[in-house]
file target.pdb (PDB, C-alpha atoms)
ATOM      1  CA  MET F   1     101.398  55.961 141.442  1.00  0.00           C
ATOM      2  CA  ASN F   2     105.154  56.096 142.060  1.00  0.00           C
ATOM      3  CA  LEU F   3     104.487  56.540 145.791  1.00  0.00           C
ATOM      4  CA  PHE F   4     102.304  53.418 145.941  1.00  0.00           C
ATOM      5  CA  PHE F   5     104.890  51.449 143.975  1.00  0.00           C
ATOM      6  CA  HIS F   6     107.624  52.290 146.491  1.00  0.00           C
ATOM      7  CA  LEU F   7     105.358  51.779 149.516  1.00  0.00           C
ATOM      8  CA  GLY F   8     104.357  48.365 148.192  1.00  0.00           C
ATOM      9  CA  ARG F   9     107.967  47.381 147.543  1.00  0.00           C
ATOM     10  CA  TYR F  10     108.967  48.636 150.988  1.00  0.00           C
ATOM     11  CA  PHE F  11     106.311  46.557 152.766  1.00  0.00           C
ATOM     12  CA  ILE F  12     107.162  43.490 150.680  1.00  0.00           C
ATOM     13  CA  LEU F  13     110.795  43.880 151.741  1.00  0.00           C
ATOM     14  CA  ILE F  14     109.754  44.251 155.398  1.00  0.00           C
ATOM     15  CA  LYS F  15     107.590  41.127 155.102  1.00  0.00           C
ATOM     16  CA  ARG F  16     110.536  39.198 153.672  1.00  0.00           C
ATOM     17  CA  VAL F  17     112.797  40.449 156.451  1.00  0.00           C
ATOM     18  CA  PHE F  18     110.447  39.241 159.190  1.00  0.00           C
ATOM     19  CA  SER F  19     109.460  35.962 157.536  1.00  0.00           C
ATOM     20  CA  LYS F  20     110.877  32.631 158.696  1.00  0.00           C
ATOM     21  CA  PRO F  21     114.403  32.049 157.377  1.00  0.00           C
ATOM     22  CA  GLU F  22     115.259  28.937 155.372  1.00  0.00           C
ATOM     23  CA  LYS F  23     117.965  27.772 157.789  1.00  0.00           C
ATOM     24  CA  LEU F  24     117.286  28.876 161.346  1.00  0.00           C
ATOM     25  CA  SER F  25     120.761  27.900 162.612  1.00  0.00           C
ATOM     26  CA  VAL F  26     122.457  30.205 160.091  1.00  0.00           C
ATOM     27  CA  TYR F  27     120.053  32.980 161.007  1.00  0.00           C
ATOM     28  CA  VAL F  28     120.675  32.631 164.760  1.00  0.00           C
ATOM     29  CA  ARG F  29     124.457  32.483 164.256  1.00  0.00           C
ATOM     30  CA  GLN F  30     124.346  35.623 162.092  1.00  0.00           C
ATOM     31  CA  ILE F  31     122.174  37.489 164.610  1.00  0.00           C
ATOM     32  CA  ILE F  32     124.643  36.698 167.396  1.00  0.00           C
ATOM     33  CA  HIS F  33     127.506  37.872 165.169  1.00  0.00           C
ATOM     34  CA  GLU F  34     125.705  41.137 164.334  1.00  0.00           C
ATOM     35  CA  ILE F  35     124.757  41.808 167.956  1.00  0.00           C
ATOM     36  CA  ASP F  36     128.416  41.464 168.884  1.00  0.00           C
ATOM     37  CA  ASN F  37     129.731  43.368 165.874  1.00  0.00           C
ATOM     38  CA  ILE F  38     127.273  46.268 165.847  1.00  0.00           C
ATOM     39  CA  GLY F  39     126.064  46.383 169.438  1.00  0.00           C
ATOM     40  CA  ILE F  40     128.665  45.214 171.918  1.00  0.00           C
ATOM     41  CA  SER F  41     131.671  46.411 169.928  1.00  0.00           C
ATOM     42  CA  SER F  42     130.106  49.880 169.788  1.00  0.00           C
ATOM     43  CA  LEU F  43     129.777  50.247 173.560  1.00  0.00           C
ATOM     44  CA  PRO F  44     133.167  51.950 174.128  1.00  0.00           C
ATOM     45  CA  ILE F  45     132.475  54.738 171.618  1.00  0.00           C
ATOM     46  CA  ILE F  46     128.916  55.087 172.916  1.00  0.00           C
ATOM     47  CA  ALA F  47     130.222  55.396 176.475  1.00  0.00           C
ATOM     48  CA  ILE F  48     132.758  58.050 175.483  1.00  0.00           C
ATOM     49  CA  ILE F  49     130.206  60.087 173.538  1.00  0.00           C
ATOM     50  CA  SER F  50     127.595  59.772 176.303  1.00  0.00           C
ATOM     51  CA  PHE F  51     130.094  60.762 178.976  1.00  0.00           C
ATOM     52  CA  PHE F  52     131.168  63.945 177.230  1.00  0.00           C
ATOM     53  CA  MET F  53     127.707  64.913 175.945  1.00  0.00           C
ATOM     54  CA  GLY F  54     126.247  64.443 179.420  1.00  0.00           C
ATOM     55  CA  GLY F  55     129.077  66.481 180.851  1.00  0.00           C
ATOM     56  CA  VAL F  56     128.570  69.329 178.409  1.00  0.00           C
ATOM     57  CA  ILE F  57     124.813  69.404 178.998  1.00  0.00           C
ATOM     58  CA  THR F  58     125.288  69.329 182.767  1.00  0.00           C
ATOM     59  CA  ILE F  59     127.867  72.115 182.768  1.00  0.00           C
ATOM     60  CA  GLN F  60     125.813  74.294 180.415  1.00  0.00           C
ATOM     61  CA  SER F  61     122.693  73.708 182.484  1.00  0.00           C
ATOM     62  CA  ALA F  62     124.405  74.418 185.793  1.00  0.00           C
ATOM     63  CA  PHE F  63     125.888  77.679 184.598  1.00  0.00           C
ATOM     64  CA  GLY F  64     122.753  78.594 182.668  1.00  0.00           C
ATOM     65  CA  PHE F  65     120.451  78.263 185.684  1.00  0.00           C
ATOM     66  CA  THR F  66     121.155  81.701 187.084  1.00  0.00           C
ATOM     67  CA  SER F  67     117.566  82.434 188.001  1.00  0.00           C
ATOM     68  CA  PRO F  68     116.622  82.022 191.664  1.00  0.00           C
ATOM     69  CA  LEU F  69     113.361  80.458 190.408  1.00  0.00           C
ATOM     70  CA  VAL F  70     115.257  77.448 188.990  1.00  0.00           C
ATOM     71  CA  PRO F  71     117.033  75.469 191.711  1.00  0.00           C
ATOM     72  CA  LEU F  72     120.473  74.021 190.981  1.00  0.00           C
ATOM     73  CA  TYR F  73     119.244  70.472 191.604  1.00  0.00           C
ATOM     74  CA  ALA F  74     117.348  70.776 188.293  1.00  0.00           C
ATOM     75  CA  VAL F  75     120.720  69.947 186.701  1.00  0.00           C
ATOM     76  CA  GLY F  76     120.050  66.320 187.666  1.00  0.00           C
ATOM     77  CA  TYR F  77     117.157  66.323 185.246  1.00  0.00           C
ATOM     78  CA  THR F  78     119.581  66.542 182.339  1.00  0.00           C
ATOM     79  CA  ALA F  79     120.567  62.571 182.897  1.00  0.00           C
ATOM     80  CA  GLY F  80     124.312  61.945 182.095  1.00  0.00           C
ATOM     81  CA  GLY F  81     126.742  64.453 183.637  1.00  0.00           C
ATOM     82  CA  TYR F  82     127.291  63.342 187.215  1.00  0.00           C
ATOM     83  CA  VAL F  83     131.069  62.949 186.961  1.00  0.00           C
ATOM     84  CA  MET F  84     131.598  66.121 184.927  1.00  0.00           C
ATOM     85  CA  GLY F  85     129.229  68.133 187.103  1.00  0.00           C
ATOM     86  CA  ILE F  86     131.099  67.134 190.246  1.00  0.00           C
ATOM     87  CA  ALA F  87     134.575  67.447 188.668  1.00  0.00           C
ATOM     88  CA  THR F  88     133.958  70.974 187.372  1.00  0.00           C
ATOM     89  CA  GLY F  89     132.154  72.141 190.478  1.00  0.00           C
ATOM     90  CA  ALA F  90     129.009  72.918 188.496  1.00  0.00           C
ATOM     91  CA  CYS F  91     126.904  71.139 191.099  1.00  0.00           C
ATOM     92  CA  SER F  92     127.321  69.028 194.202  1.00  0.00           C
ATOM     93  CA  SER F  93     126.744  65.310 194.361  1.00  0.00           C
ATOM     94  CA  TYR F  94     123.687  65.836 196.551  1.00  0.00           C
ATOM     95  CA  GLU F  95     122.111  68.355 194.159  1.00  0.00           C
ATOM     96  CA  TYR F  96     122.618  66.117 191.142  1.00  0.00           C
ATOM     97  CA  ILE F  97     121.229  62.963 192.803  1.00  0.00           C
ATOM     98  CA  PHE F  98     118.308  64.888 194.292  1.00  0.00           C
ATOM     99  CA  GLY F  99     117.523  66.317 190.839  1.00  0.00           C
ATOM    100  CA  ILE F 100     117.482  62.854 189.287  1.00  0.00           C
ATOM    101  CA  GLN F 101     115.110  61.574 191.952  1.00  0.00           C
ATOM    102  CA  ALA F 102     112.918  64.665 192.088  1.00  0.00           C
ATOM    103  CA  PHE F 103     111.987  64.622 188.415  1.00  0.00           C
ATOM    104  CA  PHE F 104     111.873  60.876 187.739  1.00  0.00           C
ATOM    105  CA  GLU F 105     108.661  59.586 186.195  1.00  0.00           C
ATOM    106  CA  PRO F 106     108.665  55.926 185.060  1.00  0.00           C
ATOM    107  CA  TRP F 107     106.382  56.486 182.074  1.00  0.00           C
ATOM    108  CA  LYS F 108     109.047  58.722 180.518  1.00  0.00           C
ATOM    109  CA  LEU F 109     111.278  55.660 180.166  1.00  0.00           C
ATOM    110  CA  TYR F 110     108.534  53.870 178.242  1.00  0.00           C
ATOM    111  CA  TYR F 111     108.025  56.943 176.063  1.00  0.00           C
ATOM    112  CA  SER F 112     111.758  57.322 175.399  1.00  0.00           C
ATOM    113  CA  PHE F 113     112.348  53.671 174.567  1.00  0.00           C
ATOM    114  CA  THR F 114     109.317  53.614 172.269  1.00  0.00           C
ATOM    115  CA  LYS F 115     110.746  56.564 170.348  1.00  0.00           C
ATOM    116  CA  VAL F 116     114.214  54.993 170.184  1.00  0.00           C
ATOM    117  CA  ILE F 117     112.880  51.700 168.827  1.00  0.00           C
ATOM    118  CA  THR F 118     110.607  53.471 166.331  1.00  0.00           C
ATOM    119  CA  PHE F 119     113.358  55.768 165.042  1.00  0.00           C
ATOM    120  CA  ALA F 120     115.883  52.912 164.843  1.00  0.00           C
ATOM    121  CA  PHE F 121     113.415  50.843 162.828  1.00  0.00           C
ATOM    122  CA  LEU F 122     112.678  53.728 160.482  1.00  0.00           C
ATOM    123  CA  ILE F 123     116.343  54.537 159.874  1.00  0.00           C
ATOM    124  CA  THR F 124     117.438  50.954 159.317  1.00  0.00           C
ATOM    125  CA  SER F 125     114.488  49.809 157.242  1.00  0.00           C
ATOM    126  CA  ILE F 126     114.418  52.876 154.977  1.00  0.00           C
ATOM    127  CA  SER F 127     118.179  52.751 154.460  1.00  0.00           C
ATOM    128  CA  SER F 128     117.962  49.027 153.750  1.00  0.00           C
ATOM    129  CA  TYR F 129     115.177  49.597 151.253  1.00  0.00           C
ATOM    130  CA  PHE F 130     117.122  52.179 149.290  1.00  0.00           C
ATOM    131  CA  GLY F 131     120.320  50.131 149.484  1.00  0.00           C
ATOM    132  CA  TYR F 132     118.629  46.895 148.424  1.00  0.00           C
ATOM    133  CA  TYR F 133     117.003  48.385 145.341  1.00  0.00           C
ATOM    134  CA  THR F 134     119.968  50.493 144.190  1.00  0.00           C
ATOM    135  CA  HIS F 135     121.224  49.634 140.712  1.00  0.00           C
ATOM    136  CA  GLY F 136     124.123  51.122 138.829  1.00  0.00           C
ATOM    137  CA  GLY F 137     127.368  52.609 140.023  1.00  0.00           C
ATOM    138  CA  ALA F 138     128.674  55.114 142.513  1.00  0.00           C
ATOM    139  CA  LEU F 139     126.409  57.912 141.288  1.00  0.00           C
ATOM    140  CA  GLU F 140     123.275  55.867 141.970  1.00  0.00           C
ATOM    141  CA  VAL F 141     124.601  54.802 145.374  1.00  0.00           C
ATOM    142  CA  GLY F 142     125.079  58.480 146.246  1.00  0.00           C
ATOM    143  CA  LYS F 143     121.553  59.308 145.107  1.00  0.00           C
ATOM    144  CA  SER F 144     120.109  56.387 147.090  1.00  0.00           C
ATOM    145  CA  SER F 145     122.046  57.407 150.207  1.00  0.00           C
ATOM    146  CA  THR F 146     120.781  60.947 149.928  1.00  0.00           C
ATOM    147  CA  ALA F 147     117.206  59.763 149.423  1.00  0.00           C
ATOM    148  CA  ALA F 148     117.482  57.412 152.412  1.00  0.00           C
ATOM    149  CA  VAL F 149     118.665  60.252 154.659  1.00  0.00           C
ATOM    150  CA  VAL F 150     115.956  62.616 153.419  1.00  0.00           C
ATOM    151  CA  TYR F 151     113.099  60.120 153.771  1.00  0.00           C
ATOM    152  CA  SER F 152     114.364  58.893 157.150  1.00  0.00           C
ATOM    153  CA  SER F 153     114.592  62.460 158.435  1.00  0.00           C
ATOM    154  CA  ILE F 154     111.111  63.343 157.245  1.00  0.00           C
ATOM    155  CA  LEU F 155     109.561  60.200 158.710  1.00  0.00           C
ATOM    156  CA  ILE F 156     111.384  60.709 162.013  1.00  0.00           C
ATOM    157  CA  LEU F 157     109.899  64.200 162.238  1.00  0.00           C
ATOM    158  CA  ILE F 158     106.425  62.853 161.446  1.00  0.00           C
ATOM    159  CA  PHE F 159     106.664  59.931 163.881  1.00  0.00           C
ATOM    160  CA  ASN F 160     108.170  62.167 166.564  1.00  0.00           C
ATOM    161  CA  PHE F 161     105.095  64.382 166.270  1.00  0.00           C
ATOM    162  CA  LEU F 162     102.704  61.392 166.269  1.00  0.00           C
ATOM    163  CA  LEU F 163     104.348  59.679 169.244  1.00  0.00           C
ATOM    164  CA  THR F 164     104.488  62.915 171.196  1.00  0.00           C
ATOM    165  CA  GLN F 165     100.802  63.500 170.515  1.00  0.00           C
ATOM    166  CA  LEU F 166      99.997  59.933 171.496  1.00  0.00           C
ATOM    167  CA  PHE F 167     101.979  59.907 174.744  1.00  0.00           C
ATOM    168  CA  LEU F 168     101.702  63.484 175.968  1.00  0.00           C
ATOM    169  CA  THR F 169      98.073  64.357 175.276  1.00  0.00           C
TER     170      THR F 169
END

call {"tool": "encode", "arguments": {"input": "target.pdb", "output": "structure tokens"}}
result
Amino acid sequence: MNLFFHLGRYFILIKRVFSKPEKLSVYVRQIIHEIDNIGISSLPIIAIISFFMGGVITIQSAFGFTSPLVPLYAVGYTAGGYVMGIATGACSSYEYIFGIQAFFEPWKLYYSFTKVITFAFLITSISSYFGYYTHGGALEVGKSSTAAVVYSSILILIFNFLLTQLFLT
């Protein structure tokens, strides 16, 4: 019964979140503020992380493809290391660009963005649920944070499996 209690409370919270706000102008102003604060202000750190992660993946892929059965242009399939691949000599510009074009399939973008939106919704809504219903002091906040991470992780694994089954079979 505890499971149904929490599921019910979760869906009631989600319904309240997506219901019409009392003052639309305040809501719109707050959304614009949050988009700027959370989204646009985060772009520099996202760019830095993406640049270096793409570089590391490209370099590891280029030096890991030692088999003659795997062509070097397959490095382009790893999406994010053009500058680092060229700068380190791991691959040529032509090989990287050819690899991007050779393996591009538009439906993979749809699949990827669907997973991103689903996982973002799960993480934010589950964390919001646990945060909204937390009572007490620091100890309870710690327990709620831990529970939010655990439940989010489990549901991401489940939804990753379901979405992969849905899209790839």

call {"tool": "resolve_selection", "arguments": {"input": "target.pdb", "expression": "the PyMOL selection byres ((chain F and resi 99) around 7)", "output": "PyMOL selection string"}}
result
chain F and resi 73-77+95-98+100-103

call {"tool": "axis_aligned_box", "arguments": {"input": "target.pdb", "around": "stretch 18-35 of chain F", "padding_each_side": "8 Å", "output": "lines of an AutoDock Vina configuration file"}}
result
center_x = 118.5
center_y = 34.8
center_z = 161.7
size_x = 34.0
size_y = 30.0
size_z = 28.6

call {"tool": "residues_near_point", "arguments": {"input": "target.pdb", "point": "(120.6, 50.5, 156.1)", "cutoff": "12 Å", "atoms": "all atoms listed in the file", "output": "JSON, numbers by chain"}}
result
{"F": [120, 121, 122, 123, 124, 125, 126, 127, 128, 129, 130, 131, 132, 133, 134, 144, 145, 147, 148, 149, 152]}

call {"tool": "residues_near_point", "arguments": {"input": "target.pdb", "point": "(103.1, 56.0, 171.5)", "cutoff": "9 Å", "atoms": "all atoms listed in the file", "output": "list in words"}}
result
Tyr110, Tyr111, Thr114, Lys115, Leu162, Leu163, Thr164, Gln165, Leu166, Phe167 and Leu168 of chain F

call {"tool": "residues_around", "arguments": {"input": "target.pdb", "residues": "stretch 37-53 of chain F", "least_positions_apart": "5", "cutoff": "12 Å", "atoms": "all atoms listed in the file", "output": "list in words"}}
result
Gln30, Ile31, Ile32, Thr58, Ile59, Gln60, Thr78, Ala79, Gly80, Gly81, Tyr82, Val83, Met84 and Gly85 of chain F

call {"tool": "atom_distance", "arguments": {"input": "target.pdb", "atom1": "atom CA of F:Phe4", "atom2": "atom CA of F:Pro21"}}
result
27.1 Å

call {"tool": "atom_distance", "arguments": {"input": "target.pdb", "atom1": "atom CA of F:Phe63", "atom2": "atom CA of F:Ala90"}}
result
6.9 Å

call {"tool": "atom_distance", "arguments": {"input": "target.pdb", "atom1": "atom CA of F:Leu157", "atom2": "atom CA of F:Ser112"}}
result
15.0 Å
